[in-house]
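What follows is one structure encoded as structure tokens, with my remarks underneath.
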Amino acid sequence: GKKFNKNLKKNSIINDSDINYSIGIFCNVRTDSKRLKNKALLKIYQNITCIEYLIQRLKYYLNKHQLPYKLIVCTTKRKVDDKISNIIKKNKIECFRGANEDVMKRMIDMSKKYKFDHVIRVTGDDLLVSSDHFKDAINYHLKKNSDYTLINGLPIGMSFEIIRINAVKTIHKLIKNKAYTEYITYFLDSENILNLETFHINKYKNFNIEQYSLTLDNFVDYENLYKIINKLNKKYKSKYLSSKIIISNLKLIKKNTYKVKRGRKQIDTSLLFN
């Protein structure tokens, strides 16, 4: 069984924050992309590829905030993703290779191997994910006994999700068509089945964050990320920029060009009992 984080008084009400859960970071990345070919392998800063920059930035903030979350970068078993695997290992991070198309199964299998109870989900497209907000968001997620926690108040490309693995297992068994489980949000945000929460970050509300996107989806996104990373690193003499620095300098880049790949209506999210 799980150990408690502290000594509890008799008849105390227990929530997830009292339990010593194992928490990991599920960073999902792959090589193929129709809109921007091999985007994970593009150079973004000082001859460093996009995936390397993301990995190194995550490692930096985990160490800076002394967070005991194990980072696992996940990709497919396809030969085309061997390059990704090699880069990850070169950076001394563990690489998990799982199901080629079923991303949810990849997450479940990875969590089984590393015995994770909850994961922070980061996509390989989000080089500037707000890892400096991980700790507060995890504390909220556990305190609320949440199955799935969304983060509100960050630009596209800086947000993340926190997920209870048992909740993913429950939903995955019920999905009729597992071809689109990369769109995990569309399957998990069902209040009828799971305990959903939203963690609100209010400190950036005056920066018009809804007008900007920092995810890596197309060439304009790449230009934006290259510009903001290189200009701000030079200005602040810091390789791993904080969320505050990034968001306060959003005017450096072009406004939001992000288009949702597939809307909810285009995805078959039906479950066996629907």
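Quick note on naming: the chains in the structure tokens go A, B, ... in the order shown, residues restart at 1 in each chain, and ligands are numbered from 1 in order of appearance.
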
Selection near Asn233 of chain A, 12 Å with only C-alpha atoms, sequence-local residues under 5 positions removed, as a PDB file with N, CA, C and O atoms, in the first residue's frame:
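The resulting file, result.pdb, is shown below:
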```
ATOM      1  N   ILE A  44      17.099  25.049 -32.488  1.00  0.00           N
ATOM      2  CA  ILE A  44      16.355  26.168 -31.909  1.00  0.00           C
ATOM      3  C   ILE A  44      17.240  27.145 -31.157  1.00  0.00           C
ATOM      4  O   ILE A  44      16.939  28.329 -31.058  1.00  0.00           O
ATOM      5  N   TYR A  45      18.367  26.659 -30.607  1.00  0.00           N
ATOM      6  CA  TYR A  45      19.231  27.549 -29.820  1.00  0.00           C
ATOM      7  C   TYR A  45      20.635  26.951 -29.707  1.00  0.00           C
ATOM      8  O   TYR A  45      20.794  25.821 -29.242  1.00  0.00           O
ATOM      9  N   GLN A  46      21.632  27.687 -30.161  1.00  0.00           N
ATOM     10  CA  GLN A  46      23.032  27.260 -30.060  1.00  0.00           C
ATOM     11  C   GLN A  46      23.240  25.807 -30.513  1.00  0.00           C
ATOM     12  O   GLN A  46      23.809  24.993 -29.789  1.00  0.00           O
ATOM     13  N   LEU A 225       9.169  30.900 -31.931  1.00  0.00           N
ATOM     14  CA  LEU A 225       9.917  30.282 -30.837  1.00  0.00           C
ATOM     15  C   LEU A 225      11.406  30.589 -30.946  1.00  0.00           C
ATOM     16  O   LEU A 225      12.063  30.902 -29.941  1.00  0.00           O
ATOM     17  N   TYR A 226      11.937  30.507 -32.146  1.00  0.00           N
ATOM     18  CA  TYR A 226      13.358  30.799 -32.355  1.00  0.00           C
ATOM     19  C   TYR A 226      13.659  32.236 -31.932  1.00  0.00           C
ATOM     20  O   TYR A 226      14.661  32.504 -31.246  1.00  0.00           O
ATOM     21  N   LYS A 227      12.792  33.138 -32.318  1.00  0.00           N
ATOM     22  CA  LYS A 227      12.995  34.557 -32.025  1.00  0.00           C
ATOM     23  C   LYS A 227      12.934  34.830 -30.525  1.00  0.00           C
ATOM     24  O   LYS A 227      13.827  35.475 -29.963  1.00  0.00           O
ATOM     25  N   ILE A 228      11.889  34.330 -29.873  1.00  0.00           N
ATOM     26  CA  ILE A 228      11.717  34.656 -28.456  1.00  0.00           C
ATOM     27  C   ILE A 228      12.778  33.976 -27.597  1.00  0.00           C
ATOM     28  O   ILE A 228      13.303  34.561 -26.646  1.00  0.00           O
ATOM     29  N   SER A 238      20.065  34.159 -19.739  1.00  0.00           N
ATOM     30  CA  SER A 238      19.528  32.945 -19.125  1.00  0.00           C
ATOM     31  C   SER A 238      19.052  31.996 -20.218  1.00  0.00           C
ATOM     32  O   SER A 238      18.211  32.361 -21.043  1.00  0.00           O
ATOM     33  N   LYS A 239      19.576  30.789 -20.212  1.00  0.00           N
ATOM     34  CA  LYS A 239      19.193  29.808 -21.224  1.00  0.00           C
ATOM     35  C   LYS A 239      17.774  29.303 -20.995  1.00  0.00           C
ATOM     36  O   LYS A 239      17.023  29.049 -21.935  1.00  0.00           O
ATOM     37  N   TYR A 240      17.391  29.155 -19.726  1.00  0.00           N
ATOM     38  CA  TYR A 240      16.088  28.560 -19.386  1.00  0.00           C
ATOM     39  C   TYR A 240      15.174  29.637 -18.824  1.00  0.00           C
ATOM     40  O   TYR A 240      15.218  29.948 -17.638  1.00  0.00           O
ATOM     41  N   LEU A 241      14.403  30.216 -19.693  1.00  0.00           N
ATOM     42  CA  LEU A 241      13.587  31.378 -19.364  1.00  0.00           C
ATOM     43  C   LEU A 241      12.411  31.021 -18.461  1.00  0.00           C
ATOM     44  O   LEU A 241      11.762  30.000 -18.647  1.00  0.00           O
ATOM     45  N   SER A 242      12.105  31.889 -17.511  1.00  0.00           N
ATOM     46  CA  SER A 242      10.950  31.670 -16.638  1.00  0.00           C
ATOM     47  C   SER A 242       9.671  32.043 -17.373  1.00  0.00           C
ATOM     48  O   SER A 242       9.691  32.778 -18.365  1.00  0.00           O
ATOM     49  N   ILE A 245       9.192  35.879 -17.541  1.00  0.00           N
ATOM     50  CA  ILE A 245       9.993  36.556 -18.568  1.00  0.00           C
ATOM     51  C   ILE A 245       9.384  36.336 -19.950  1.00  0.00           C
ATOM     52  O   ILE A 245       9.240  37.276 -20.740  1.00  0.00           O
ATOM     53  N   ILE A 246       9.008  35.107 -20.241  1.00  0.00           N
ATOM     54  CA  ILE A 246       8.439  34.786 -21.560  1.00  0.00           C
ATOM     55  C   ILE A 246       7.149  35.559 -21.804  1.00  0.00           C
ATOM     56  O   ILE A 246       6.986  36.228 -22.829  1.00  0.00           O
ATOM     57  N   ASN A 249       7.163  39.248 -22.453  1.00  0.00           N
ATOM     58  CA  ASN A 249       7.794  39.645 -23.722  1.00  0.00           C
ATOM     59  C   ASN A 249       7.092  39.062 -24.948  1.00  0.00           C
ATOM     60  O   ASN A 249       7.684  38.972 -26.020  1.00  0.00           O
TER      61      ASN A 249
END
```

Which neighbours of segment 69-76 of chain A fall inside 7 Å, counting only C-alpha atoms, when residues of the same chain fewer than 5 positions from it are skipped, and could you give them as a ChimeraX atom specification?
/A:23-30,81,93-100

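The nearest approach to Val119 of chain A among the residues A:Ser22, A:Ser213, A:Thr198, A:Lys92, with only C-alpha atoms taken into account, belongs to A:Ser22.
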
Looking only at the backbone, which of the residues in segment 36-234 of chain A does DSSP tag as alpha helix (DSSP H), as a PyMOL selection string?
chain A and resi 50-64+82-90+103-114+134-143+165-174+184-188+219-234

Go ahead and dump the residues you just picked, C-alpha atoms, as a PDB file, in the first residue's frame.
```
ATOM      1  CA  CYS A  50      13.865  21.550 -30.154  1.00  0.00           C
ATOM      2  CA  ILE A  51      13.486  18.309 -28.211  1.00  0.00           C
ATOM      3  CA  GLU A  52      16.865  18.825 -26.504  1.00  0.00           C
ATOM      4  CA  TYR A  53      15.917  22.354 -25.468  1.00  0.00           C
ATOM      5  CA  LEU A  54      12.654  21.099 -23.967  1.00  0.00           C
ATOM      6  CA  ILE A  55      14.362  18.242 -22.108  1.00  0.00           C
ATOM      7  CA  GLN A  56      17.131  20.447 -20.746  1.00  0.00           C
ATOM      8  CA  ARG A  57      14.668  23.130 -19.657  1.00  0.00           C
ATOM      9  CA  LEU A  58      12.518  20.569 -17.836  1.00  0.00           C
ATOM     10  CA  LYS A  59      15.596  19.134 -16.105  1.00  0.00           C
ATOM     11  CA  TYR A  60      16.667  22.630 -15.045  1.00  0.00           C
ATOM     12  CA  TYR A  61      13.355  23.492 -13.372  1.00  0.00           C
ATOM     13  CA  LEU A  62      12.991  20.079 -11.733  1.00  0.00           C
ATOM     14  CA  ASN A  63      16.398  20.607 -10.152  1.00  0.00           C
ATOM     15  CA  LYS A  64      15.832  24.280  -9.335  1.00  0.00           C
ATOM     16  CA  ASP A  82      15.234   6.122 -33.519  1.00  0.00           C
ATOM     17  CA  LYS A  83      16.754   9.598 -33.848  1.00  0.00           C
ATOM     18  CA  ILE A  84      14.505  10.874 -31.076  1.00  0.00           C
ATOM     19  CA  SER A  85      15.470   7.961 -28.848  1.00  0.00           C
ATOM     20  CA  ASN A  86      19.182   8.553 -29.441  1.00  0.00           C
ATOM     21  CA  ILE A  87      18.948  12.266 -28.601  1.00  0.00           C
ATOM     22  CA  ILE A  88      17.032  11.539 -25.415  1.00  0.00           C
ATOM     23  CA  LYS A  89      19.585   8.980 -24.249  1.00  0.00           C
ATOM     24  CA  LYS A  90      22.426  11.355 -25.115  1.00  0.00           C
ATOM     25  CA  VAL A 103      -0.935   7.530 -27.187  1.00  0.00           C
ATOM     26  CA  MET A 104      -3.114   6.735 -24.201  1.00  0.00           C
ATOM     27  CA  LYS A 105      -1.824   3.146 -24.160  1.00  0.00           C
ATOM     28  CA  ARG A 106       1.710   4.515 -24.419  1.00  0.00           C
ATOM     29  CA  MET A 107       1.053   6.575 -21.292  1.00  0.00           C
ATOM     30  CA  ILE A 108      -0.463   3.617 -19.434  1.00  0.00           C
ATOM     31  CA  ASP A 109       2.384   1.252 -20.344  1.00  0.00           C
ATOM     32  CA  MET A 110       5.013   3.834 -19.412  1.00  0.00           C
ATOM     33  CA  SER A 111       3.357   4.458 -16.049  1.00  0.00           C
ATOM     34  CA  LYS A 112       3.163   0.741 -15.371  1.00  0.00           C
ATOM     35  CA  LYS A 113       6.893   0.350 -15.990  1.00  0.00           C
ATOM     36  CA  TYR A 114       7.856   3.268 -13.744  1.00  0.00           C
ATOM     37  CA  PHE A 134       4.396  22.330 -11.733  1.00  0.00           C
ATOM     38  CA  LYS A 135       4.657  22.248  -7.954  1.00  0.00           C
ATOM     39  CA  ASP A 136       1.658  24.465  -7.182  1.00  0.00           C
ATOM     40  CA  ALA A 137      -0.477  22.709  -9.788  1.00  0.00           C
ATOM     41  CA  ILE A 138       0.388  19.240  -8.445  1.00  0.00           C
ATOM     42  CA  ASN A 139      -0.402  20.338  -4.890  1.00  0.00           C
ATOM     43  CA  TYR A 140      -3.799  21.596  -6.059  1.00  0.00           C
ATOM     44  CA  HIS A 141      -4.484  18.415  -8.056  1.00  0.00           C
ATOM     45  CA  LEU A 142      -3.789  16.183  -5.063  1.00  0.00           C
ATOM     46  CA  LYS A 143      -5.612  18.359  -2.542  1.00  0.00           C
ATOM     47  CA  ILE A 165      -3.243   7.024 -14.238  1.00  0.00           C
ATOM     48  CA  ASN A 166      -6.110   4.887 -12.912  1.00  0.00           C
ATOM     49  CA  ALA A 167      -8.504   7.370 -14.534  1.00  0.00           C
ATOM     50  CA  VAL A 168      -6.738   6.931 -17.878  1.00  0.00           C
ATOM     51  CA  LYS A 169      -6.979   3.155 -17.539  1.00  0.00           C
ATOM     52  CA  THR A 170     -10.713   3.388 -16.831  1.00  0.00           C
ATOM     53  CA  ILE A 171     -11.422   5.584 -19.860  1.00  0.00           C
ATOM     54  CA  HIS A 172      -9.079   3.683 -22.186  1.00  0.00           C
ATOM     55  CA  LYS A 173     -10.974   0.431 -21.639  1.00  0.00           C
ATOM     56  CA  LEU A 174     -14.208   2.157 -22.677  1.00  0.00           C
ATOM     57  CA  ILE A 184      -6.406  12.828 -24.639  1.00  0.00           C
ATOM     58  CA  THR A 185      -8.247  15.931 -23.427  1.00  0.00           C
ATOM     59  CA  TYR A 186     -11.321  15.098 -25.505  1.00  0.00           C
ATOM     60  CA  PHE A 187     -11.611  11.716 -23.786  1.00  0.00           C
ATOM     61  CA  LEU A 188     -10.828  12.708 -20.218  1.00  0.00           C
ATOM     62  CA  PHE A 219       6.928  27.219 -39.647  1.00  0.00           C
ATOM     63  CA  VAL A 220       5.549  30.514 -38.297  1.00  0.00           C
ATOM     64  CA  ASP A 221       5.479  28.912 -34.835  1.00  0.00           C
ATOM     65  CA  TYR A 222       9.094  27.837 -35.307  1.00  0.00           C
ATOM     66  CA  GLU A 223      10.090  31.397 -36.258  1.00  0.00           C
ATOM     67  CA  ASN A 224       8.266  32.751 -33.197  1.00  0.00           C
ATOM     68  CA  LEU A 225       9.917  30.282 -30.837  1.00  0.00           C
ATOM     69  CA  TYR A 226      13.358  30.799 -32.355  1.00  0.00           C
ATOM     70  CA  LYS A 227      12.995  34.557 -32.025  1.00  0.00           C
ATOM     71  CA  ILE A 228      11.717  34.656 -28.456  1.00  0.00           C
ATOM     72  CA  ILE A 229      14.162  32.031 -27.146  1.00  0.00           C
ATOM     73  CA  ASN A 230      17.242  33.584 -28.733  1.00  0.00           C
ATOM     74  CA  LYS A 231      16.371  37.232 -28.088  1.00  0.00           C
ATOM     75  CA  LEU A 232      15.392  36.669 -24.460  1.00  0.00           C
ATOM     76  CA  ASN A 233      18.344  34.420 -23.722  1.00  0.00           C
ATOM     77  CA  LYS A 234      20.617  37.176 -24.971  1.00  0.00           C
TER      78      LYS A 234
END
```

Fewer than 6 positions away in the same chain doesn't count, so skip those; otherwise give me all residues within 10 Å of Val80 of chain A, counting only C-alpha atoms, as an MDAnalysis selection string.
chainID A and resid 30:32 38

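Minimum atom-to-atom distance to Gly153 of chain A, evaluated using only C-alpha atoms, belongs to A:Ile201 out of A:Leu42, A:Ile19, A:Ile201, A:Ile120.
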
Residues of segment 24-268 of chain A in strand (DSSP E) according to DSSP, as an NGL selection string?
:A and (24-28 or 43-45 or 48-49 or 70-76 or 94-98 or 118-123 or 148-152 or 161-164 or 196-200)

Keeping only C-alpha atoms, write the selected residues as a compact mmCIF listing (two decimals), in the first residue's frame.
```txt
# COMPACT_ATOMS: atom_id res chain seq x y z
CA GLY A 24 6.16 11.35 -13.28
CA ILE A 25 6.39 13.60 -16.29
CA PHE A 26 5.05 12.08 -19.49
CA CYS A 27 6.69 14.00 -22.34
CA ASN A 28 5.40 12.68 -25.63
CA LYS A 43 17.77 23.57 -34.29
CA ILE A 44 16.35 26.17 -31.91
CA TYR A 45 19.23 27.55 -29.82
CA ILE A 48 20.46 22.47 -29.85
CA THR A 49 17.40 20.73 -31.31
CA LYS A 70 10.91 11.55 -12.84
CA LEU A 71 11.03 12.76 -16.44
CA ILE A 72 10.33 10.12 -19.09
CA VAL A 73 10.33 11.06 -22.76
CA CYS A 74 8.08 8.77 -24.77
CA THR A 75 7.99 8.01 -28.46
CA THR A 76 6.92 5.23 -30.80
CA GLU A 94 15.13 7.65 -19.99
CA CYS A 95 13.23 6.99 -23.19
CA PHE A 96 10.14 4.82 -23.27
CA ARG A 97 9.06 3.45 -26.63
CA GLY A 98 5.48 2.30 -26.82
CA HIS A 118 -0.12 10.50 -11.51
CA VAL A 119 1.61 12.16 -14.47
CA ILE A 120 2.20 15.68 -15.67
CA ARG A 121 1.50 15.55 -19.39
CA VAL A 122 3.80 17.68 -21.56
CA THR A 123 3.80 17.52 -25.34
CA TYR A 148 -7.75 15.22 -14.41
CA THR A 149 -6.59 18.79 -13.86
CA LEU A 150 -6.42 21.42 -16.60
CA ILE A 151 -4.31 24.54 -16.22
CA ASN A 152 -5.93 27.88 -16.99
CA GLU A 161 -2.23 18.71 -17.67
CA ILE A 162 -2.10 16.50 -14.59
CA ILE A 163 -3.66 13.06 -14.83
CA ARG A 164 -4.38 10.19 -12.46
CA LEU A 196 -12.26 17.19 -13.07
CA GLU A 197 -10.54 20.30 -11.75
CA THR A 198 -9.04 23.47 -13.18
CA PHE A 199 -6.00 25.13 -11.65
CA HIS A 200 -6.18 28.88 -12.29
```

So how far away is atom CA of Lys144 of chain A from atom CA of Asn195 of chain A, in Å?
8.8 Å

Could you work out how far atom CA of Leu36 of chain A lies from atom CA of Asn218 of chain A, giving the answer in Å with one decimal?
5.2 Å

Residues near Asn177 of chain A, anyone? I mean within 8 Å using only C-alpha atoms, not counting same-chain ones fewer than 5 positions away, as a PyMOL selection string.
chain A and resi 268-270

For the residues in that selection, give me N, CA, C and O atoms as a PDB file, in the first residue's frame.
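New file result-v1.pdb:
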```pdb
ATOM      1  N   ASP A 268     -13.943  10.809 -32.935  1.00  0.00           N
ATOM      2  CA  ASP A 268     -14.889   9.852 -32.364  1.00  0.00           C
ATOM      3  C   ASP A 268     -14.483   9.586 -30.922  1.00  0.00           C
ATOM      4  O   ASP A 268     -13.567   8.823 -30.653  1.00  0.00           O
ATOM      5  N   THR A 269     -15.175  10.251 -29.979  1.00  0.00           N
ATOM      6  CA  THR A 269     -14.850  10.091 -28.562  1.00  0.00           C
ATOM      7  C   THR A 269     -15.875   9.210 -27.843  1.00  0.00           C
ATOM      8  O   THR A 269     -15.925   9.196 -26.615  1.00  0.00           O
ATOM      9  N   SER A 270     -16.661   8.472 -28.605  1.00  0.00           N
ATOM     10  CA  SER A 270     -17.705   7.666 -27.988  1.00  0.00           C
ATOM     11  C   SER A 270     -17.117   6.534 -27.150  1.00  0.00           C
ATOM     12  O   SER A 270     -16.089   5.941 -27.488  1.00  0.00           O
TER      13      SER A 270
END
```

Separation of atom CA of Lys255 of chain A from atom CA of Leu128 of chain A, in Å and rounded to one decimal
16.3 Å
